[in-house]
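Coordinates from start27.csv are shown below (CSV, C-alpha atoms).
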chain,number,residue,atom,x,y,z
A,1,MET,CA,16.1,-21.5,0.6
A,2,ARG,CA,19.7,-22.1,-0.4
A,3,ILE,CA,20.2,-25.8,-1.1
A,4,PRO,CA,23.3,-27.2,0.8
A,5,PHE,CA,25.9,-28.6,-1.5
A,6,ALA,CA,25.5,-32.0,0.1
A,7,ARG,CA,21.9,-32.2,-1.2
A,8,PHE,CA,23.0,-32.0,-4.9
A,9,VAL,CA,23.5,-35.3,-6.6
A,10,LEU,CA,25.1,-36.6,-9.8
A,11,CYS,CA,22.7,-37.8,-12.4
A,12,ALA,CA,23.4,-41.2,-14.0
A,13,GLY,CA,24.6,-40.9,-17.6
A,14,LEU,CA,25.5,-37.2,-17.3
A,15,THR,CA,29.0,-35.7,-17.4
A,16,ALA,CA,30.6,-35.8,-14.0
A,17,GLY,CA,30.1,-32.5,-12.2
A,18,VAL,CA,26.6,-31.8,-13.6
A,19,LEU,CA,24.3,-31.3,-10.6
A,20,THR,CA,20.5,-31.5,-10.3
A,21,VAL,CA,18.3,-29.9,-7.7
A,22,PRO,CA,16.1,-32.3,-5.7
A,23,ALA,CA,12.5,-32.1,-6.8
A,24,GLN,CA,11.2,-31.2,-3.3
A,25,ALA,CA,13.5,-28.2,-3.1
A,26,ALA,CA,12.2,-27.0,-6.5
A,27,THR,CA,8.5,-27.4,-5.7
A,28,ARG,CA,8.5,-26.7,-2.0
A,29,PRO,CA,11.0,-23.9,-1.4
A,30,LEU,CA,10.1,-23.4,2.3
A,31,ALA,CA,10.6,-27.1,3.3
A,32,GLY,CA,12.2,-27.2,6.7
A,33,ARG,CA,11.3,-23.5,7.5
A,34,ILE,CA,9.1,-22.4,10.4
A,35,VAL,CA,7.0,-19.3,10.3
A,36,ALA,CA,5.0,-17.8,13.2
A,37,ILE,CA,1.9,-15.7,12.5
A,38,ASP,CA,0.3,-13.5,15.0
A,39,PRO,CA,-3.3,-12.6,14.2
A,40,GLY,CA,-3.8,-9.4,16.1
A,41,HIS,CA,-6.2,-8.9,19.0
A,42,GLN,CA,-9.1,-11.3,19.7
A,43,LEU,CA,-12.9,-10.9,19.3
A,44,GLY,CA,-13.6,-11.3,23.0
A,45,ASN,CA,-11.2,-8.6,24.1
A,46,SER,CA,-14.1,-6.2,24.2
A,47,ARG,CA,-15.9,-8.4,26.7
A,48,HIS,CA,-12.8,-9.0,28.9
A,49,THR,CA,-11.7,-5.4,29.6
A,50,ARG,CA,-10.3,-6.2,33.0
A,51,GLU,CA,-8.1,-8.9,31.7
A,52,ILE,CA,-6.8,-7.0,28.7
A,53,ASN,CA,-6.2,-3.8,30.7
A,54,ARG,CA,-3.9,-5.7,33.1
A,55,MET,CA,-0.4,-4.2,33.0
A,56,VAL,CA,2.4,-6.4,31.6
A,57,ASP,CA,6.1,-5.8,30.6
A,58,GLY,CA,6.0,-4.3,27.2
A,59,GLY,CA,9.8,-4.3,26.9
A,60,GLY,CA,11.2,-2.6,29.9
A,61,PHE,CA,8.1,-0.6,30.6
A,62,GLN,CA,4.5,-1.3,31.6
A,63,LYS,CA,1.8,-1.6,29.0
A,64,ALA,CA,-1.8,-3.0,28.8
A,65,CYS,CA,-1.9,-6.7,28.0
A,66,SER,CA,-3.9,-6.1,24.8
A,67,THR,CA,-6.5,-3.9,23.2
A,68,THR,CA,-9.8,-4.4,21.5
A,69,GLY,CA,-8.6,-3.4,18.0
A,70,THR,CA,-10.6,-1.4,15.5
A,71,ALA,CA,-13.3,-2.2,13.0
A,72,THR,CA,-14.8,-1.0,9.7
A,73,ASN,CA,-17.7,1.5,9.9
A,74,ALA,CA,-19.9,-1.5,9.0
A,75,GLY,CA,-18.7,-3.4,12.0
A,76,TYR,CA,-16.2,-5.9,10.6
A,77,PRO,CA,-13.7,-6.4,13.4
A,78,GLU,CA,-9.9,-6.1,13.0
A,79,SER,CA,-9.5,-9.3,14.9
A,80,ALA,CA,-11.7,-11.2,12.4
A,81,PHE,CA,-9.7,-9.7,9.5
A,82,ALA,CA,-6.4,-10.7,11.1
A,83,MET,CA,-7.6,-14.3,11.9
A,84,SER,CA,-9.0,-14.8,8.4
A,85,THR,CA,-5.9,-13.4,6.6
A,86,ALA,CA,-3.6,-15.5,8.9
A,87,ASN,CA,-5.4,-18.7,8.0
A,88,TYR,CA,-5.1,-17.9,4.2
A,89,LEU,CA,-1.4,-17.1,4.7
A,90,LYS,CA,-0.9,-20.3,6.7
A,91,ALA,CA,-2.4,-22.4,3.9
A,92,ARG,CA,-0.2,-20.7,1.3
A,93,LEU,CA,3.0,-21.1,3.3
A,94,GLU,CA,2.3,-24.7,4.1
A,95,ALA,CA,1.7,-25.4,0.4
A,96,LEU,CA,5.3,-24.1,-0.1
A,97,GLY,CA,6.6,-26.6,2.5
A,98,ALA,CA,6.7,-24.4,5.7
A,99,LYS,CA,5.6,-25.4,9.1
A,100,VAL,CA,3.3,-22.6,10.4
A,101,TYR,CA,2.2,-21.8,14.0
A,102,LEU,CA,-0.4,-19.2,15.0
A,103,THR,CA,-0.4,-17.3,18.3
A,104,ARG,CA,-4.1,-17.9,18.4
A,105,THR,CA,-6.3,-20.3,16.3
A,106,THR,CA,-9.8,-19.2,17.3
A,107,GLU,CA,-11.9,-16.1,16.9
A,108,SER,CA,-14.4,-16.0,19.7
A,109,TYR,CA,-16.2,-13.6,22.0
A,110,SER,CA,-15.5,-16.0,24.9
A,111,LEU,CA,-11.7,-15.6,24.6
A,112,TRP,CA,-9.2,-12.8,25.1
A,113,GLY,CA,-5.5,-12.2,24.5
A,114,PRO,CA,-2.8,-13.5,24.3
A,115,CYS,CA,-1.0,-10.6,25.9
A,116,ILE,CA,1.6,-8.7,24.0
A,117,ASP,CA,4.5,-10.2,25.9
A,118,VAL,CA,3.2,-13.8,25.2
A,119,ARG,CA,2.8,-12.9,21.5
A,120,GLY,CA,6.3,-11.5,21.3
A,121,ARG,CA,7.9,-14.6,22.8
A,122,PHE,CA,5.9,-17.0,20.6
A,123,GLY,CA,8.3,-17.0,17.7
A,124,ALA,CA,11.2,-18.3,19.8
A,125,LYS,CA,8.9,-20.8,21.5
A,126,VAL,CA,8.1,-22.5,18.3
A,127,HIS,CA,11.7,-22.1,16.9
A,128,ALA,CA,10.4,-19.9,14.0
A,129,ASP,CA,12.7,-18.4,11.4
A,130,LEU,CA,10.5,-15.3,11.6
A,131,MET,CA,7.2,-13.9,12.9
A,132,VAL,CA,4.7,-11.6,11.3
A,133,SER,CA,1.9,-9.8,13.3
A,134,LEU,CA,-1.2,-8.9,11.3
A,135,HIS,CA,-3.3,-5.9,12.0
A,136,GLY,CA,-5.7,-3.3,10.5
A,137,ASP,CA,-5.3,0.4,11.2
A,138,GLY,CA,-8.0,2.7,12.6
A,139,ALA,CA,-6.8,6.1,11.4
A,140,PRO,CA,-8.9,9.0,10.2
A,141,SER,CA,-10.7,8.0,6.9
A,142,GLN,CA,-8.5,10.2,4.6
A,143,TYR,CA,-5.6,7.8,5.2
A,144,ARG,CA,-5.4,4.5,3.3
A,145,GLY,CA,-2.9,1.8,2.4
A,146,PHE,CA,-0.5,-0.6,4.2
A,147,PHE,CA,2.6,0.0,6.2
A,148,VAL,CA,5.1,-2.4,7.8
A,149,ILE,CA,6.3,-1.7,11.3
A,150,ARG,CA,9.8,-2.8,12.3
A,151,PRO,CA,11.2,-2.9,15.9
A,152,ALA,CA,13.3,0.1,16.9
A,153,LEU,CA,16.9,-0.6,18.0
A,154,ARG,CA,16.7,-1.1,21.8
A,155,LYS,CA,19.8,-2.4,23.6
A,156,GLY,CA,19.1,-5.6,25.5
A,157,TRP,CA,15.7,-6.1,23.7
A,158,THR,CA,15.8,-5.9,19.9
A,159,ASP,CA,19.5,-5.5,19.1
A,160,ASP,CA,19.8,-9.2,18.3
A,161,ILE,CA,17.0,-9.1,15.7
A,162,TYR,CA,17.0,-5.4,14.6
A,163,ALA,CA,18.9,-5.8,11.3
A,164,ARG,CA,17.2,-8.9,10.3
A,165,SER,CA,13.8,-7.5,11.1
A,166,ASN,CA,14.6,-4.4,9.0
A,167,THR,CA,15.4,-6.8,6.1
A,168,LEU,CA,12.3,-8.8,6.6
A,169,GLY,CA,10.2,-5.6,6.6
A,170,GLN,CA,11.6,-4.6,3.2
A,171,TYR,CA,10.8,-8.0,1.7
A,172,VAL,CA,7.3,-8.0,3.1
A,173,ARG,CA,6.7,-4.5,1.7
A,174,ALA,CA,8.0,-5.7,-1.7
A,175,GLY,CA,5.6,-8.6,-1.6
A,176,LEU,CA,2.6,-6.4,-0.9
A,177,ASP,CA,3.9,-4.0,-3.6
A,178,ALA,CA,3.9,-6.9,-6.0
A,179,VAL,CA,0.1,-7.6,-5.6
A,180,LYS,CA,-0.5,-3.9,-6.2
A,181,LEU,CA,-1.5,-3.0,-2.7
A,182,ALA,CA,-1.1,0.7,-2.1
A,183,ARG,CA,1.4,1.9,0.5
A,184,ALA,CA,0.0,4.1,3.2
A,185,ASN,CA,-0.3,7.8,2.4
A,186,ASP,CA,0.9,8.7,5.9
A,187,TYR,CA,3.9,7.5,8.0
A,188,GLY,CA,6.2,9.0,5.4
A,189,GLY,CA,4.5,7.3,2.4
A,190,ASP,CA,7.2,4.7,2.0
A,191,GLY,CA,5.2,1.8,3.5
A,192,LEU,CA,7.6,1.5,6.5
A,193,ASP,CA,7.6,2.6,10.1
A,194,THR,CA,9.7,1.9,13.2
A,195,ARG,CA,8.3,1.6,16.7
A,196,GLY,CA,10.0,1.0,20.1
A,197,ASP,CA,6.8,0.9,22.2
A,198,LEU,CA,5.2,-2.4,20.9
A,199,GLY,CA,5.6,-5.3,23.2
A,200,THR,CA,5.0,-7.9,20.5
A,201,LEU,CA,8.1,-6.5,18.7
A,202,ASN,CA,10.2,-5.9,21.8
A,203,TRP,CA,9.9,-9.4,23.2
A,204,SER,CA,10.6,-11.2,20.0
A,205,ASN,CA,13.9,-13.2,19.7
A,206,VAL,CA,13.3,-13.9,16.0
A,207,PRO,CA,13.1,-11.4,13.1
A,208,VAL,CA,9.7,-9.8,13.4
A,209,VAL,CA,7.4,-7.2,11.7
A,210,MET,CA,3.9,-6.0,12.4
A,211,ILE,CA,1.9,-5.1,9.3
A,212,GLU,CA,-1.0,-2.7,9.3
A,213,MET,CA,-2.6,-4.1,6.2
A,214,GLY,CA,-4.9,-1.2,5.5
A,215,ASN,CA,-7.0,1.5,7.2
A,216,MET,CA,-10.4,0.0,8.3
A,217,ARG,CA,-11.9,3.5,8.5
A,218,ASN,CA,-11.2,4.2,4.9
A,219,ALA,CA,-14.0,3.1,2.6
A,220,GLY,CA,-11.8,1.6,-0.1
A,221,ASP,CA,-9.6,-0.2,2.3
A,222,ALA,CA,-12.5,-1.4,4.3
A,223,ALA,CA,-14.3,-2.9,1.3
A,224,ARG,CA,-11.1,-4.8,0.3
A,225,MET,CA,-10.4,-6.0,3.8
A,226,SER,CA,-14.0,-7.2,4.2
A,227,SER,CA,-13.7,-9.4,1.1
A,228,ALA,CA,-12.6,-13.0,1.6
A,229,SER,CA,-11.2,-13.1,-2.0
A,230,SER,CA,-9.0,-10.1,-1.3
A,231,ARG,CA,-7.9,-11.5,2.1
A,232,ASN,CA,-6.7,-14.6,0.3
A,233,ASN,CA,-5.6,-13.3,-3.2
A,234,VAL,CA,-4.2,-9.9,-2.2
A,235,TYR,CA,-3.2,-9.7,1.4
A,236,ALA,CA,-2.2,-13.3,2.1
A,237,ALA,CA,-0.7,-13.7,-1.4
A,238,GLY,CA,1.5,-10.6,-1.0
A,239,LEU,CA,2.6,-11.6,2.5
A,240,ALA,CA,3.5,-15.1,1.3
A,241,ARG,CA,5.5,-13.7,-1.6
A,242,GLY,CA,7.5,-11.4,0.7
A,243,ILE,CA,8.1,-14.1,3.3
A,244,THR,CA,9.2,-16.6,0.7
A,245,ALA,CA,11.6,-14.1,-0.9
A,246,TYR,CA,13.1,-13.3,2.5
A,247,LEU,CA,13.6,-17.0,3.5
A,248,THR,CA,15.0,-18.0,0.1
A,249,ARG,CA,17.2,-14.9,-0.5
Let me see the structure of the file written as structure tokens.
Amino acid sequence: MRIPFARFVLCAGLTAGVLTVPAQAATRPLAGRIVAIDPGHQLGNSRHTREINRMVDGGGFQKACSTTGTATNAGYPESAFAMSTANYLKARLEALGAKVYLTRTTESYSLWGPCIDVRGRFGAKVHADLMVSLHGDGAPSQYRGFFVIRPALRKGWTDDIYARSNTLGQYVRAGLDAVKLARANDYGGDGLDTRGDLGTLNWSNVPVVMIEMGNMRNAGDAARMSSASSRNNVYAAGLARGITAYLTR
């Protein structure tokens, strides 16, 4: 983050005008920043179909509260991948000084939701500087790689965060590029997409992106997403890098 001029101090014995950066700012670049993380879906959604199929406002239109999400062919659920990656990302951001809030903190068959409108409003509720929503794709197996979804420009809904979300998306993509994660070979191949039909994005009042971290139906992506080491050292590491770069630009 930029260090306000008032936080620079003169060092005793040095020529007047020589400034030093506080140690905390140098070692904890996200001190004072707040990040919201939305681990997509919930394990219990599949057992609470009546609740998740209830219609809610998705941003000026009606849409189901939530969905079950996808899974690898071996049965590893998207919701579990998202929850695990969110926890690794949370730990990395907190080590950099950020305060981090999650839209859900438990992965359980007994729970469902939150609904998309609740998720979307969460960032503003916790006064976050940004929000990222973590997911895994369930496309045909020939597709692989990640892509970052930004909110479309919708008057009265996303016009206040549209430009900043676009910038956030580019920083997140760069962070995932830096850890050598392949961009999706669909959706134009540039690792970016824009959607106007996602309630989580439409309801947000802070810069927001949704990341499809890989295709869980692709064997290579599925193996990586099922690995705890990759969830920490690839996915979470890349996201932390992109988020930090955005917040300290």
Tell me, counting all atoms listed in the file, for each residue of range 129-181 of chain A within 10 Å of range 52-64 of chain A, which pair of atoms is nearest and how far apart they are in Å to one decimal, in rows ordered by chain and increasing number, as a tab-separated table.
residue	atom	partner	partner_atom	distance
A:Arg154	CA	A:Gly59	CA	9.2
A:Gly156	CA	A:Gly59	CA	9.5
A:Trp157	CA	A:Gly59	CA	6.9
A:Thr158	CA	A:Gly59	CA	9.4
Counting all atoms listed in the file, what are the residues of range 37-131 of chain A within 6 Å of range 199-220 of chain A, and for each of them which pair of atoms is the nearest and at what distance in Å, to one decimal? Sort the table by chain and rising number, as a tab-separated table.
residue	atom	partner	partner_atom	distance
A:Gly58	CA	A:Gly199	CA	4.1
A:Gly59	CA	A:Asn202	CA	5.4
A:Ala71	CA	A:Met216	CA	5.9
A:Thr72	CA	A:Met216	CA	4.7
A:Ile116	CA	A:Thr200	CA	4.9
A:Asp117	CA	A:Gly199	CA	5.7
A:Arg119	CA	A:Thr200	CA	5.6
A:Gly120	CA	A:Thr200	CA	3.9
A:Arg121	CA	A:Ser204	CA	5.2
A:Ala124	CA	A:Asn205	CA	5.8
A:Leu130	CA	A:Pro207	CA	4.9
A:Met131	CA	A:Val208	CA	4.8
Notebook entry, point to check: From the set A:Leu134, A:Pro77, A:Thr85, A:Trp112, which residue has the shortest atom-to-atom contact distance to Arg50 in chain A, counting all atoms listed in the file?
Noted result: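 Of A:Leu134, A:Pro77, A:Thr85, A:Trp112, the one nearest Arg50 in chain A, counting all atoms listed in the file, is A:Trp112.
Here the question is which of A:Phe146, A:Ser84, A:Thr105, A:Asp129 gets nearest to Ile161 in chain A using only C-alpha atoms, and that residue is A:Asp129.
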Note to self: I'd like the contact shell of Tyr171 in chain A - 7 Å cut-off, only C-alpha atoms, skipping same-chain residues fewer than 4 positions apart - returned as an MDAnalysis selection string.
What the structure shows: chainID A and resid 167 175 242:243 245:246
Hey, which bits of range 130-155 of chain A sit within 6 Å of range 188-193 of chain A, and for each residue what's the closest pair of atoms and how far apart in Å (one decimal), counting all atoms listed in the file, rows by chain and increasing number, as a Markdown table?
| residue | atom | partner | partner_atom | distance |
| --- | --- | --- | --- | --- |
| A:Phe147 | CA | A:Gly191 | CA | 4.2 |
| A:Val148 | CA | A:Leu192 | CA | 4.8 |
| A:Ile149 | CA | A:Asp193 | CA | 4.6 |
Take the residues from that selection and write them out as a PDB file, in the coordinates of the input, keeping C-alpha atoms.
ATOM      1  CA  PHE A 147       2.600   0.000   6.200  1.00  0.00           C
ATOM      2  CA  VAL A 148       5.100  -2.400   7.800  1.00  0.00           C
ATOM      3  CA  ILE A 149       6.300  -1.700  11.300  1.00  0.00           C
TER       4      ILE A 149
END
Check: Between CA of Thr106 in chain A and CA of Ala228 in chain A, what is the spacing in Å?
Finding: 17.1 Å
